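Everything below belongs to data.tsv, which stores TSV, C-alpha atoms.
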```tsv
chain	number	residue	atom	x	y	z
H	1	MET	CA	277.50	71.64	-36.60
H	2	SER	CA	275.63	72.94	-39.60
H	3	VAL	CA	272.55	75.00	-38.97
H	4	GLY	CA	269.35	74.75	-41.06
H	5	THR	CA	266.79	77.47	-41.70
H	6	SER	CA	263.07	76.82	-41.90
H	7	SER	CA	259.85	78.74	-41.84
H	8	ALA	CA	257.42	78.08	-39.05
H	9	PRO	CA	253.68	78.27	-39.58
H	10	GLY	CA	252.75	81.94	-39.82
H	11	GLY	CA	255.84	82.91	-41.81
H	12	ARG	CA	258.32	83.21	-38.90
H	13	ASP	CA	261.86	81.94	-39.66
H	14	VAL	CA	263.29	79.47	-37.22
H	15	ARG	CA	267.02	78.75	-37.19
H	16	ARG	CA	267.70	75.36	-35.68
H	17	PRO	CA	270.17	72.46	-36.05
H	18	PRO	CA	269.11	69.36	-37.99
H	19	ALA	CA	266.86	67.29	-35.78
H	20	PRO	CA	267.93	63.85	-34.53
H	21	ARG	CA	266.57	61.02	-36.65
H	22	HIS	CA	264.53	59.30	-33.97
H	23	GLY	CA	263.30	62.28	-31.95
H	24	GLY	CA	262.53	61.23	-28.39
H	25	LEU	CA	261.68	57.62	-29.22
H	26	ALA	CA	265.15	56.35	-28.38
H	27	GLU	CA	264.77	57.76	-24.88
H	28	LEU	CA	261.73	55.52	-24.49
H	29	GLY	CA	263.65	52.46	-25.58
H	30	ILE	CA	261.85	52.27	-28.93
H	31	ASP	CA	263.80	51.89	-32.15
H	32	PRO	CA	261.63	53.16	-35.04
H	33	ASP	CA	263.61	51.03	-37.49
H	34	GLU	CA	262.14	47.93	-35.82
H	35	LEU	CA	258.58	48.99	-36.65
H	36	PRO	CA	256.95	47.11	-39.57
H	37	ASP	CA	255.21	50.23	-40.91
H	38	GLY	CA	256.69	53.47	-42.11
H	39	LEU	CA	256.91	56.14	-39.40
H	40	VAL	CA	257.44	59.84	-40.12
H	41	ILE	CA	257.31	62.42	-37.30
H	42	ALA	CA	257.36	66.18	-37.74
H	43	ASP	CA	257.84	68.59	-34.82
H	44	GLU	CA	255.83	71.68	-33.91
H	45	HIS	CA	257.52	73.61	-36.74
H	46	GLY	CA	256.68	71.00	-39.39
H	47	ILE	CA	260.28	69.75	-39.56
H	48	VAL	CA	260.83	66.00	-39.97
H	49	VAL	CA	262.57	64.59	-36.89
H	50	CYS	CA	261.99	60.89	-37.51
H	51	PHE	CA	262.05	58.91	-40.75
H	52	ASN	CA	262.41	55.20	-40.09
H	53	ALA	CA	263.75	52.40	-42.28
H	54	ALA	CA	260.29	51.21	-43.34
H	55	ALA	CA	259.40	54.74	-44.47
H	56	ALA	CA	262.61	54.84	-46.51
H	57	ARG	CA	261.75	51.49	-48.11
H	58	ILE	CA	258.18	52.50	-48.95
H	59	THR	CA	258.98	55.97	-50.28
H	60	ALA	CA	262.45	55.28	-51.77
H	61	VAL	CA	263.67	58.40	-49.93
H	62	ARG	CA	266.84	58.17	-47.87
H	63	PRO	CA	266.40	59.16	-44.21
H	64	GLU	CA	269.26	61.67	-44.45
H	65	ASP	CA	267.43	63.39	-47.31
H	66	ALA	CA	264.21	63.67	-45.29
H	67	LEU	CA	265.45	64.62	-41.82
H	68	GLY	CA	265.52	68.34	-41.15
H	69	ARG	CA	263.24	69.14	-44.09
H	70	ARG	CA	259.68	70.39	-43.99
H	71	LEU	CA	257.12	67.61	-43.92
H	72	GLU	CA	255.46	68.50	-47.22
H	73	LYS	CA	258.87	68.55	-48.95
H	74	ALA	CA	260.16	65.32	-47.42
H	75	LEU	CA	256.89	63.51	-48.02
H	76	PRO	CA	255.18	65.07	-51.08
H	77	LEU	CA	251.83	63.31	-51.20
H	78	GLU	CA	248.93	63.77	-53.59
H	79	ASP	CA	245.42	62.37	-53.52
H	80	LEU	CA	244.04	60.27	-56.37
H	81	GLU	CA	242.82	63.44	-58.10
H	82	GLY	CA	246.29	65.00	-58.17
H	83	ARG	CA	245.77	67.52	-55.35
H	84	ARG	CA	248.55	68.12	-52.83
H	85	TRP	CA	247.49	66.39	-49.65
H	86	TRP	CA	249.29	68.56	-47.12
H	87	GLN	CA	247.71	71.70	-48.59
H	88	LEU	CA	244.29	70.06	-48.39
H	89	THR	CA	244.64	68.85	-44.80
H	90	ASP	CA	246.73	71.78	-43.47
H	91	PRO	CA	247.64	70.10	-40.15
H	92	TYR	CA	249.32	73.15	-38.60
H	93	GLY	CA	246.85	75.80	-39.73
H	94	GLY	CA	243.62	73.83	-40.01
H	95	LEU	CA	240.87	73.12	-37.51
H	96	SER	CA	242.23	73.11	-33.98
H	97	ILE	CA	239.85	70.33	-32.95
H	98	ARG	CA	241.24	67.89	-35.51
H	99	VAL	CA	243.41	65.14	-34.01
H	100	ARG	CA	243.82	62.67	-36.86
H	101	GLN	CA	243.54	61.80	-40.52
H	102	PRO	CA	242.02	58.37	-41.25
H	103	GLU	CA	243.91	55.95	-43.47
H	104	ARG	CA	243.53	56.57	-47.18
H	105	ASN	CA	245.20	55.82	-50.49
H	106	LEU	CA	247.61	58.54	-51.58
H	107	LEU	CA	250.24	58.86	-54.29
H	108	LEU	CA	253.99	59.36	-54.00
H	109	PRO	CA	255.97	61.05	-56.78
H	110	GLY	CA	255.94	58.71	-59.76
H	111	GLY	CA	252.39	57.54	-59.04
H	112	ARG	CA	253.19	54.84	-56.49
H	113	GLU	CA	250.27	54.19	-54.11
H	114	VAL	CA	250.75	54.19	-50.35
H	115	LEU	CA	248.35	53.93	-47.41
H	116	VAL	CA	248.69	56.98	-45.16
H	117	SER	CA	247.20	57.88	-41.79
H	118	ALA	CA	248.20	60.74	-39.50
H	119	ARG	CA	247.87	61.71	-35.86
H	120	TYR	CA	248.03	65.29	-34.62
H	121	VAL	CA	249.56	65.44	-31.14
H	122	ARG	CA	248.52	68.55	-29.18
H	123	GLY	CA	249.65	69.67	-25.75
H	124	GLU	CA	246.03	70.34	-24.81
H	125	PRO	CA	242.66	70.06	-26.56
H	126	THR	CA	242.43	72.65	-29.38
H	127	GLY	CA	245.97	73.72	-28.53
H	128	PRO	CA	248.85	74.11	-31.02
H	129	ILE	CA	250.29	70.99	-32.57
H	130	ARG	CA	253.39	69.56	-30.92
H	131	ARG	CA	253.94	66.69	-33.37
H	132	VAL	CA	252.44	65.23	-36.52
H	133	VAL	CA	252.87	61.45	-36.58
H	134	VAL	CA	252.42	59.84	-40.01
H	135	SER	CA	252.06	56.10	-40.60
H	136	LEU	CA	252.86	54.65	-44.03
H	137	ARG	CA	251.93	51.21	-45.30
H	138	ASP	CA	252.62	49.54	-48.60
H	139	THR	CA	249.51	48.70	-50.63
H	140	GLU	CA	250.76	45.29	-51.78
H	141	ALA	CA	248.84	43.41	-49.08
H	142	ARG	CA	245.65	45.25	-50.02
H	143	ARG	CA	246.27	44.51	-53.69
H	144	ARG	CA	246.64	40.82	-52.91
H	145	THR	CA	243.34	40.90	-51.00
H	146	GLU	CA	241.63	42.71	-53.86
H	147	ARG	CA	243.00	40.21	-56.37
H	148	SER	CA	241.78	37.36	-54.16
H	149	HIS	CA	238.31	38.90	-53.97
H	150	ALA	CA	238.26	39.47	-57.72
H	151	GLU	CA	239.28	35.87	-58.35
H	152	LEU	CA	236.60	34.65	-55.96
H	153	ILE	CA	233.95	36.69	-57.78
H	154	ALA	CA	235.12	35.38	-61.17
H	155	ILE	CA	235.06	31.75	-60.01
H	156	VAL	CA	231.68	32.10	-58.36
H	157	ALA	CA	230.23	33.76	-61.46
H	158	HIS	CA	231.58	30.92	-63.60
H	159	GLU	CA	230.32	28.21	-61.26
H	160	LEU	CA	226.87	29.80	-61.02
H	161	ARG	CA	226.44	30.47	-64.71
H	162	SER	CA	226.56	26.83	-65.82
H	163	PRO	CA	223.85	25.38	-63.52
H	164	LEU	CA	221.64	28.45	-63.78
H	165	THR	CA	221.82	28.31	-67.58
H	166	SER	CA	220.79	24.66	-67.40
H	167	VAL	CA	217.91	25.40	-65.00
H	168	LYS	CA	216.70	28.28	-67.16
H	169	GLY	CA	216.89	26.22	-70.35
H	170	PHE	CA	215.06	23.16	-69.04
H	171	THR	CA	212.32	25.11	-67.26
H	172	ALA	CA	211.71	27.30	-70.30
H	173	THR	CA	211.51	24.23	-72.54
H	174	LEU	CA	209.12	22.44	-70.20
H	175	LEU	CA	206.85	25.45	-69.90
H	176	ALA	CA	206.74	25.99	-73.66
H	177	LYS	CA	206.36	22.36	-74.78
H	178	TRP	CA	205.03	20.44	-71.80
H	179	GLU	CA	202.56	18.34	-73.80
H	180	ARG	CA	205.18	17.21	-76.30
H	181	PHE	CA	207.35	15.35	-73.77
H	182	THR	CA	206.82	11.90	-72.33
H	183	ASP	CA	206.75	11.37	-68.59
H	184	ASP	CA	210.27	9.87	-68.70
H	185	GLN	CA	211.60	12.92	-70.56
H	186	LYS	CA	209.96	15.27	-68.09
H	187	ARG	CA	211.40	13.33	-65.16
H	188	LEU	CA	214.92	13.43	-66.67
H	189	MET	CA	214.77	17.19	-67.19
H	190	LEU	CA	213.37	17.82	-63.71
H	191	GLU	CA	216.07	15.62	-62.15
H	192	THR	CA	218.69	17.66	-63.99
H	193	VAL	CA	217.12	20.90	-62.72
H	194	ASP	CA	217.09	19.49	-59.18
H	195	ALA	CA	220.77	18.47	-59.39
H	196	ASP	CA	221.78	21.90	-60.71
H	197	ALA	CA	219.77	23.63	-57.98
H	198	ASN	CA	221.61	21.52	-55.40
H	199	ARG	CA	224.91	22.56	-56.97
H	200	VAL	CA	224.01	26.24	-56.62
H	201	THR	CA	222.91	25.67	-53.03
H	202	ARG	CA	226.24	24.01	-52.18
H	203	LEU	CA	228.18	26.88	-53.73
H	204	ILE	CA	226.22	29.45	-51.73
H	205	ALA	CA	226.83	27.41	-48.57
H	206	GLU	CA	230.57	27.41	-49.33
H	207	LEU	CA	230.56	31.19	-49.73
H	208	LEU	CA	228.76	31.62	-46.42
H	209	ASP	CA	231.26	29.30	-44.73
H	210	ILE	CA	234.17	31.31	-46.14
H	211	SER	CA	232.63	34.54	-44.90
H	212	ARG	CA	232.21	33.10	-41.41
H	213	ILE	CA	235.72	31.60	-41.37
H	214	ASP	CA	237.36	34.85	-42.52
H	215	SER	CA	235.45	36.89	-39.92
H	216	GLY	CA	235.96	34.35	-37.11
H	217	ARG	CA	232.19	33.81	-36.79
H	218	LEU	CA	231.98	30.12	-37.70
H	219	GLU	CA	229.69	28.61	-35.07
H	220	VAL	CA	230.33	25.13	-33.71
H	221	ARG	CA	227.36	23.40	-32.08
H	222	ARG	CA	228.90	20.52	-30.17
H	223	GLN	CA	227.03	17.25	-29.79
H	224	PRO	CA	228.17	13.65	-29.26
H	225	VAL	CA	229.74	12.35	-32.48
H	226	ASP	CA	230.51	8.73	-33.29
H	227	MET	CA	233.33	9.25	-35.77
H	228	GLY	CA	233.49	5.62	-36.88
H	229	ALA	CA	229.77	5.54	-37.66
H	230	ALA	CA	230.01	8.88	-39.49
H	231	VAL	CA	232.78	7.57	-41.75
H	232	GLY	CA	230.81	4.37	-42.33
H	233	ARG	CA	227.78	6.34	-43.55
H	234	HIS	CA	229.89	8.13	-46.16
H	235	ILE	CA	231.36	4.86	-47.42
H	236	GLN	CA	227.89	3.31	-47.67
H	237	ALA	CA	226.69	6.30	-49.71
H	238	TYR	CA	229.53	5.85	-52.21
H	239	VAL	CA	228.87	2.12	-52.52
H	240	ALA	CA	225.15	2.80	-53.07
H	241	ALA	CA	226.13	5.28	-55.81
H	242	GLY	CA	228.07	2.58	-57.67
H	243	GLN	CA	231.58	2.57	-56.19
H	244	PRO	CA	232.88	-0.97	-55.52
H	245	ALA	CA	232.85	-1.86	-51.84
H	246	ASP	CA	236.46	-3.07	-51.99
H	247	ARG	CA	237.54	0.43	-53.01
H	248	PHE	CA	237.29	1.43	-49.33
H	249	LEU	CA	239.11	0.21	-46.22
H	250	LEU	CA	237.87	1.46	-42.85
H	251	ARG	CA	239.99	0.75	-39.79
H	252	ILE	CA	238.82	1.86	-36.35
H	253	GLU	CA	241.04	1.60	-33.29
H	254	GLN	CA	238.97	1.06	-30.17
H	255	PRO	CA	238.24	2.40	-27.70
H	256	LEU	CA	237.66	5.90	-29.05
H	257	PRO	CA	237.15	8.75	-26.58
H	258	ASP	CA	233.79	10.48	-26.29
H	259	LEU	CA	233.88	13.24	-28.90
H	260	TRP	CA	231.83	16.44	-28.74
H	261	ALA	CA	231.78	18.22	-32.08
H	262	ASP	CA	229.40	19.69	-34.64
H	263	PRO	CA	228.07	16.63	-36.51
H	264	ASP	CA	227.07	18.56	-39.64
H	265	LYS	CA	230.48	20.18	-39.94
H	266	VAL	CA	232.26	16.88	-39.24
H	267	ASP	CA	230.23	15.38	-42.11
H	268	GLN	CA	231.32	18.32	-44.29
H	269	VAL	CA	234.99	17.62	-43.53
H	270	LEU	CA	234.65	13.87	-44.13
H	271	SER	CA	232.67	14.39	-47.34
H	272	ASN	CA	235.32	16.67	-48.79
H	273	LEU	CA	238.32	14.52	-47.87
H	274	ILE	CA	236.77	11.23	-48.99
H	275	GLU	CA	235.44	12.76	-52.21
H	276	ASN	CA	238.90	14.11	-53.02
H	277	ALA	CA	240.40	10.66	-52.46
H	278	VAL	CA	237.77	9.00	-54.66
H	279	ARG	CA	237.85	11.56	-57.48
H	280	HIS	CA	241.53	12.45	-57.60
H	281	GLY	CA	243.20	9.38	-56.10
H	282	GLU	CA	243.52	5.81	-57.25
H	283	GLY	CA	243.42	2.36	-55.73
H	284	THR	CA	242.09	1.73	-52.24
H	285	VAL	CA	240.86	4.66	-50.15
H	286	THR	CA	241.88	3.93	-46.57
H	287	ILE	CA	240.29	5.71	-43.61
H	288	ASP	CA	241.88	5.21	-40.19
H	289	VAL	CA	240.02	6.41	-37.09
H	290	THR	CA	242.20	6.39	-33.98
H	291	PRO	CA	242.32	8.01	-30.56
H	292	ALA	CA	244.68	10.98	-30.52
H	293	ALA	CA	247.49	10.88	-27.99
H	294	SER	CA	247.48	13.38	-25.15
H	295	PRO	CA	250.56	15.08	-23.70
H	296	ARG	CA	249.52	13.49	-20.39
H	297	GLU	CA	250.06	9.76	-20.26
H	298	GLY	CA	246.90	7.69	-20.06
H	299	GLU	CA	244.60	10.43	-21.39
H	300	ASP	CA	242.99	10.76	-24.82
H	301	ALA	CA	243.24	14.21	-26.42
H	302	GLY	CA	240.60	13.48	-29.03
H	303	THR	CA	240.05	11.58	-32.25
H	304	SER	CA	242.21	11.47	-35.38
H	305	VAL	CA	241.00	10.58	-38.87
H	306	THR	CA	243.44	9.78	-41.68
H	307	VAL	CA	242.22	9.57	-45.28
H	308	SER	CA	244.73	8.21	-47.79
H	309	ASP	CA	244.74	6.83	-51.33
H	310	GLU	CA	247.18	5.12	-53.69
H	311	GLY	CA	247.27	7.67	-56.49
H	312	SER	CA	250.09	9.94	-57.62
H	313	GLY	CA	249.74	12.13	-54.54
H	314	ILE	CA	250.35	15.85	-54.20
H	315	PRO	CA	253.63	17.34	-55.45
H	316	GLU	CA	255.96	18.35	-52.64
H	317	GLU	CA	256.10	21.95	-53.83
H	318	SER	CA	252.30	22.22	-53.66
H	319	MET	CA	251.75	20.86	-50.17
H	320	ASN	CA	252.08	24.25	-48.50
H	321	ARG	CA	249.28	25.62	-50.71
H	322	VAL	CA	246.76	22.80	-50.36
H	323	PHE	CA	244.65	24.57	-47.72
H	324	THR	CA	244.67	27.98	-49.42
H	325	ARG	CA	241.81	29.38	-51.45
H	326	PHE	CA	241.39	28.23	-55.05
H	327	TRP	CA	243.94	25.39	-54.86
H	328	ARG	CA	242.81	22.71	-57.32
H	329	GLY	CA	245.92	20.61	-57.87
H	330	SER	CA	246.63	19.29	-61.36
H	331	LYS	CA	242.97	18.63	-62.22
H	332	ARG	CA	240.62	21.49	-62.96
H	333	GLY	CA	237.03	21.71	-61.84
H	334	GLY	CA	235.28	22.89	-58.71
H	335	THR	CA	235.86	26.15	-56.89
H	336	GLY	CA	239.06	25.16	-55.11
H	337	LEU	CA	237.49	26.27	-51.82
H	338	GLY	CA	236.77	22.88	-50.22
H	339	LEU	CA	240.05	22.29	-48.41
H	340	TYR	CA	240.20	25.92	-47.28
H	341	ILE	CA	236.78	25.41	-45.64
H	342	VAL	CA	237.85	22.04	-44.20
H	343	LYS	CA	240.83	23.66	-42.49
H	344	GLY	CA	238.61	26.45	-41.14
H	345	ILE	CA	236.11	23.96	-39.70
H	346	VAL	CA	238.80	21.82	-38.07
H	347	GLU	CA	240.50	24.85	-36.53
H	348	ALA	CA	237.14	26.22	-35.32
H	349	HIS	CA	236.90	23.00	-33.27
H	350	GLY	CA	240.37	23.64	-31.86
H	351	GLY	CA	241.84	20.85	-33.99
H	352	THR	CA	244.61	20.51	-36.54
H	353	ILE	CA	244.86	19.16	-40.08
H	354	THR	CA	247.93	18.15	-42.10
H	355	VAL	CA	248.69	16.79	-45.54
H	356	GLY	CA	251.47	14.45	-46.57
H	357	ARG	CA	252.35	11.42	-48.65
H	358	ALA	CA	250.56	8.15	-47.90
H	359	PRO	CA	252.45	4.85	-47.49
H	360	GLY	CA	250.90	3.74	-50.80
H	361	GLY	CA	252.26	6.81	-52.54
H	362	GLY	CA	249.06	8.86	-52.72
H	363	ALA	CA	247.84	11.83	-50.72
H	364	GLU	CA	247.26	11.52	-46.98
H	365	PHE	CA	245.10	13.96	-45.03
H	366	ARG	CA	244.98	13.69	-41.26
H	367	PHE	CA	242.82	15.80	-38.98
H	368	THR	CA	242.51	15.66	-35.21
H	369	LEU	CA	239.61	16.98	-33.18
H	370	PRO	CA	239.90	17.47	-29.41
H	371	VAL	CA	237.42	15.73	-27.11
H	372	GLY	CA	235.60	19.05	-26.74
H	373	THR	CA	232.99	20.35	-24.34
H	374	PRO	CA	229.21	20.11	-24.78
H	375	ALA	CA	227.70	23.30	-26.18
H	376	HIS	CA	225.41	23.76	-23.17
H	377	LEU	CA	228.44	23.86	-20.85
H	378	LEU	CA	230.32	26.55	-22.78
```
Written as structure tokens, that's how I'd like the structure from this file.
Amino acid sequence: MSVGTSSAPGGRDVRRPPAPRHGGLAELGIDPDELPDGLVIADEHGIVVCFNAAAARITAVRPEDALGRRLEKALPLEDLEGRRWWQLTDPYGGLSIRVRQPERNLLLPGGREVLVSARYVRGEPTGPIRRVVVSLRDTEARRRTERSHAELIAIVAHELRSPLTSVKGFTATLLAKWERFTDDQKRLMLETVDADANRVTRLIAELLDISRIDSGRLEVRRQPVDMGAAVGRHIQAYVAAGQPADRFLLRIEQPLPDLWADPDKVDQVLSNLIENAVRHGEGTVTIDVTPAASPREGEDAGTSVTVSDEGSGIPEESMNRVFTRFWRGSKRGGTGLGLYIVKGIVEAHGGTITVGRAPGGGAEFRFTLPVGTPAHLL
């Protein structure tokens, strides 16, 4: 067996055989190569004794080239200002009360970013270090999140700019030339300002909903909901706005179970799905309200609503992206956040939502809400 030579902290030479790749983890029944994150472990002398497969993938360093080497040589890290990280942190010679390094962005040779955190394992408080355990994570997931946030900011800025420009323009014109306009002209401009203000309000409400969905803080205030009547109100609003009554077909299968849900959020879901069918679909918009089957025979699990149209539908390759942020299909316009919010609301109720192809060839959205429990009983 070949013998390696290394220098321990304090300058003392230590002659020792190359360390086993997995240290003592194998004795515990843990295979480091099964871990999703990179794992690097150095012993009390600063010699790498574990370098798992994920660490090899992230660093592009072969485990056999890292094992048995000093930690700072096997894993040469620099901070974003080009300083050598191991010299800055000095795990073996630094403060004896330090037990960890929080996660931060560091650079590998070649400038590749990696997320690094470290744990200093001591035999006793303020005692000498027995092991340094380093966790490595690729930054790709963080980059995707940052790109998503940047895209959200860009879309919001674009969506806000148009109505706010309109509001600013009309109000400035009215203030400067109020006497020159007729009452009808004033009313038209004020109605436009009101519509644009409503548009901004809706966008802000969407952003708040997204924040609550992402953080798991979307509140559901359950009350009795008559789903058939709720759908009927939406259809009546479209007819009053000029849509032909025969554009809609409402079918309700009775009896429906008593449903406890948040009526405002149910209206938000129905509004989005029916509006999508009206704006992007063609032909008759069919809404089916049915009791949802329960795994137990004779019981109702909740209520299902299916909204379908007779348009061109959603391409098969796009169906798995329909409920993601910013999905807009083939037609531009809007923030692309509506269906993402719809899915979040349905799931906050403990329900499910799916998309598919309608019998008439168009898009078909189906969501199911469980019977639920009154808010005062939760």
Taking into account all atoms listed in the file, which residue in the set H:Pro224, H:Trp86, H:Arg142, H:Pro244 is nearest to H:Asp264?
-> H:Pro224
Sorted by chain and rising residue number, which residues of stretch 139-174 of chain H lie within 10 Å of stretch 312-326 of chain H, and what are their closest atom pairs and distances in Å to one decimal, counting only C-alpha atoms, as a Markdown table?
```
| residue | atom | partner | partner_atom | distance |
| --- | --- | --- | --- | --- |
| H:Ser148 | CA | H:Arg325 | CA | 8.4 |
| H:Glu151 | CA | H:Phe326 | CA | 8.6 |
| H:Leu152 | CA | H:Phe326 | CA | 8.1 |
| H:Ile155 | CA | H:Phe326 | CA | 8.8 |
```
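One finds atom CA of H:Asp214 at 14.4 Å from atom CA of H:Glu146.
Interatomic distance, atom CA of H:Lys186 to atom CA of H:Gly169: 13.2 Å.
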Pick out the residues sitting within 9 Å of stretch 209-213 of chain H, and hand them over as a PyMOL selection string; count all atoms listed in the file, and ignore anything fewer than 3 positions along from it in its own chain.
-> chain H and resi 204-206+216-219+337+340-341+344-345+348
Within 6 Å of (258.8, 58.0, -39.8) in the file's own coordinates, which protein, DNA or RNA residues have an atom, counting only C-alpha atoms? List them as a short mmCIF file (atom, residue, chain, number, x, y, z; two decimals) with C-alpha atoms, in the frame of the given file.
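What landed in result-v3.cif:
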```cif
data_model
loop_
_atom_site.label_atom_id
_atom_site.label_comp_id
_atom_site.auth_asym_id
_atom_site.auth_seq_id
_atom_site.Cartn_x
_atom_site.Cartn_y
_atom_site.Cartn_z
CA GLY H 38 256.69 53.47 -42.11
CA LEU H 39 256.91 56.14 -39.40
CA VAL H 40 257.44 59.84 -40.12
CA ILE H 41 257.31 62.42 -37.30
CA CYS H 50 261.99 60.89 -37.51
CA PHE H 51 262.05 58.91 -40.75
CA ASN H 52 262.41 55.20 -40.09
CA ALA H 55 259.40 54.74 -44.47
#
```
H:Ser96 surroundings by all atoms listed in the file, 12 Å radius, close-in-sequence under 6 positions cut, as a ChimeraX atom specification | /H:89-90,120-129
Quick one: residues within 7 Å of stretch 57-74 of chain H, only C-alpha atoms counted, chain neighbours fewer than 2 positions away excluded, as a list in words?
-> Pro18, Ala19, Arg21, Ala42, Gly46, Ile47, Val48, Val49, Cys50, Phe51, Asn52, Ala53, Ala54, Ala55, Pro76, Trp86 and Asp138 of chain H
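Comparing the minimum interatomic distances between H:Gln268 and each of H:Gly311, H:Gly338, H:Gly111, H:Pro291, counting all atoms listed in the file, we find that H:Gly338 sits nearest.
Closest approach to H:Leu175 from the set H:Val133, H:Leu190, H:Thr352, H:Gln236 is made by H:Leu190, with distances taken over all atoms listed in the file.
Take atom CA of H:Leu339 and atom CA of H:Asn272: the distance between them is 7.4 Å.
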Given 8 Å of margin on each side, can you work out the centre and size in Å (one decimal) of an axis-aligned box holding every listed atom of stretch 186-191 of chain H, as AutoDock Vina command-line options?
```
--center_x 213.0 --center_y 15.6 --center_z -65.1 --size_x 22.1 --size_y 20.5 --size_z 21.9
```
List as a ChimeraX atom specification: which residues have an atom within 7 Å of (251.4, 50.8, -50.5), counting only C-alpha atoms?
-> /H:113-115,137-140
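Closest to H:Arg251 among H:Val116, H:Val305, H:Leu80, H:Ala157 is H:Val305, based on all atoms listed in the file.
Nearest-residue note for H:Gly362: choosing from H:Asp288, H:Glu347, H:Asp194, H:Glu282, the minimum distance belongs to H:Glu282, counting only C-alpha atoms.
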Could you check which of H:Leu188, H:Ala56, H:Tyr92, H:Leu108 is closest to H:Asp79, using only C-alpha atoms?
-> H:Leu108
